[in-house]
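*Asks:* My questions will all concern the structure given below.
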Amino acid sequence: MSATAVSAHSTTFTGTFAAEALGATGSGTLSLEYDDDGHTLLINATWAGLSGTTSNAHIHCCTAAPNTGTAGVALAQGGILPDFPLGVSSGSYMKVIDLTQTNQYSATFLANSGGTAAGAEARLISNLTSGNAYFNIHTTTFGAGEIRSFVTAVPEPESYALMLAGLGLLALRRRS
């Protein structure tokens, strides 16, 4: 009996939390890993120094311009990310979100994405990729949000290899 290895395609996004509100003191880092075969999003967030204690967290989508502005809640089960730690001024959160479940999305985001989990997933990932979605942590001091992070897609090693190969071919062609 032989086993066949299945390679999932994933996209990694990274970002740094920045103060959203005037006087906010929090900071931190964020990593998201999207698995398009498994339709999951791994969230790995770490933060410290919040002015208040955590009261909510979710992913917002879709801003009018990349890396700026505000948007409605997109990913939040019942308004908050599942199992997000509340009442802390520093901490971490690691969770795999099943993007095939409609209850992972806000009702408004789901409706605006065609009413299906597949539509919501495609819209969310497209906007994460284009810089039009962000992770937001709300606190008791800043109820509208204390820190947030837009993310940037991290190129896969294969992309770097292809880019280097292309540059090498270009250099060879110029020599000819």
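Residue names in the structure tokens use chain letters A, B, ... in the order shown, residue numbers from 1 in each chain, and ligand numbers from 1 in the order shown.
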Write out as a list in words which residues come within 6 Å of segment 29-31 of chain A when counting only C-alpha atoms, dropping same-chain ones fewer than 3 positions away.
*Replies:*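 Selected residues are Phe13, Thr14, Gly15, Thr16, Phe17, Asn44, Ala45 and Thr46 of chain A.
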*Asks:* Would you list the contacts of Ala24 of chain A as JSON, numbers by chain, taking every protein, DNA or RNA residue within 9 Å and counting only C-alpha atoms, but skipping same-chain residues closer than 6 positions in sequence?
*Replies:* {"A": [18, 50, 51, 52, 141, 142, 146, 147]}
*Asks:* Now that the selection is made, can you save its residues with N, CA and C atoms as a short mmCIF file (atom, residue, chain, number, x, y, z; two decimals), in the first residue's frame?
*Replies:*
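Below you can see out.cif, which holds the result:
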```cif
data_model
loop_
_atom_site.label_atom_id
_atom_site.label_comp_id
_atom_site.auth_asym_id
_atom_site.auth_seq_id
_atom_site.Cartn_x
_atom_site.Cartn_y
_atom_site.Cartn_z
N ALA A 18 -0.72 48.24 15.21
CA ALA A 18 -0.43 49.65 15.45
C ALA A 18 -1.62 50.27 16.17
N LEU A 50 -1.65 46.95 26.15
CA LEU A 50 -2.92 47.61 25.83
C LEU A 50 -3.31 48.59 26.94
N SER A 51 -3.96 49.66 26.58
CA SER A 51 -4.41 50.68 27.54
C SER A 51 -5.50 50.14 28.45
N GLY A 52 -6.32 49.26 27.90
CA GLY A 52 -7.38 48.61 28.66
C GLY A 52 -7.22 47.11 28.52
N THR A 141 -10.89 50.36 27.27
CA THR A 141 -10.56 51.78 27.15
C THR A 141 -10.95 52.32 25.78
N PHE A 142 -10.74 51.53 24.75
CA PHE A 142 -11.05 51.94 23.37
C PHE A 142 -12.01 50.93 22.76
N GLU A 146 -8.56 49.41 19.79
CA GLU A 146 -7.32 50.01 20.27
C GLU A 146 -6.17 49.78 19.30
N ILE A 147 -6.00 48.56 18.83
CA ILE A 147 -4.93 48.29 17.87
C ILE A 147 -5.49 47.47 16.71
#
```
*Asks:* Name all residues at most 9 Å from Gly49 of chain A (count only C-alpha atoms; drop same-chain ones fewer than 6 positions away) and give them as a tab-separated table (two decimals) with C-alpha atoms, in the first residue's frame.
*Replies:*
```tsv
chain	number	residue	atom	x	y	z
A	25	THR	CA	-0.49	52.08	23.86
A	26	GLY	CA	-0.75	48.52	22.57
A	27	SER	CA	1.47	46.79	20.04
A	28	GLY	CA	2.00	43.30	18.70
A	89	SER	CA	-3.89	43.65	28.44
A	90	SER	CA	-1.31	41.31	26.89
```
*Asks:* For segment 41-43 of chain A, work out the shell of residues within 9 Å, counting only C-alpha atoms and skipping chain neighbours fewer than 6 positions away, then give it as a compact mmCIF listing (two decimals) with C-alpha atoms, in the first residue's frame.
*Replies:*
```
# COMPACT_ATOMS: atom_id res chain seq x y z
CA LEU A 30 -0.01 39.06 13.52
CA SER A 31 0.39 36.09 11.21
CA LEU A 32 -2.40 34.55 9.15
CA GLU A 33 -2.04 31.38 7.12
CA TYR A 34 -4.71 30.62 4.55
CA ASP A 35 -4.99 27.03 3.31
CA TYR A 93 -4.36 33.98 20.27
CA MET A 94 -3.91 31.02 17.97
CA LYS A 95 -6.92 29.50 16.27
CA VAL A 96 -7.77 27.68 13.05
CA ILE A 97 -11.00 29.05 11.56
CA ASP A 98 -13.05 26.82 9.25
CA LEU A 99 -14.02 29.17 6.43
```
*Asks:* From the options A:Val151, A:Gly69, A:Thr53, A:Leu124, which residue's atoms come nearest to Asn112 of chain A, counting only C-alpha atoms?
*Replies:*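 Of all the options, A:Leu124 lies closest to Asn112 of chain A.
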*Asks:* To one decimal place in Å, what is the distance between atom CA of Gly78 of chain A and atom CA of Gly119 of chain A?
*Replies:*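 Separation between atom CA of Gly78 of chain A and atom CA of Gly119 of chain A: 19.0 Å.
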*Asks:* Tell me, in Å to one decimal, how far atom CA of Ala118 of chain A is from atom CA of Asn103 of chain A.
*Replies:*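 Distance between the two atoms: 12.3 Å.
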*Asks:* For Thr102 of chain A, which of A:Leu22, A:Asp83, A:Ala74, A:Thr129 is the closest residue, counting only C-alpha atoms?
*Replies:*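 Among A:Leu22, A:Asp83, A:Ala74, A:Thr129, it is A:Ala74 that comes nearest to Thr102 of chain A.
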*Asks:* In Å, how far is it from atom CA of Ala19 of chain A to atom CA of Ile137 of chain A?
*Replies:*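 According to the coordinates, atom CA of Ala19 of chain A and atom CA of Ile137 of chain A are separated by 10.0 Å.
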*Asks:* Can you pull out every residue from segment 33-125 of chain A that DSSP, working from the backbone, puts in alpha helix (DSSP H), and format the result as a ChimeraX atom specification?
*Replies:* /A:107-112,117-125
*Asks:* Assign secondary structure with DSSP using the backbone only, and return the residues of chain A in strand (DSSP E) as number ranges by chain.
*Replies:* A: 10-19, 27-35, 40-48, 54-61, 73-75, 91-98, 133-139, 147-150, 152-154
*Asks:* If we count only C-alpha atoms and set the cut-off at 7 Å, which residues sit around Ala133 of chain A, ignoring sequence neighbours fewer than 3 positions away in its own chain? Please answer as a list in words.
*Replies:* Ile59, His60, Cys61, Cys62, Thr63, Asn127, Leu128 and Phe150 of chain A
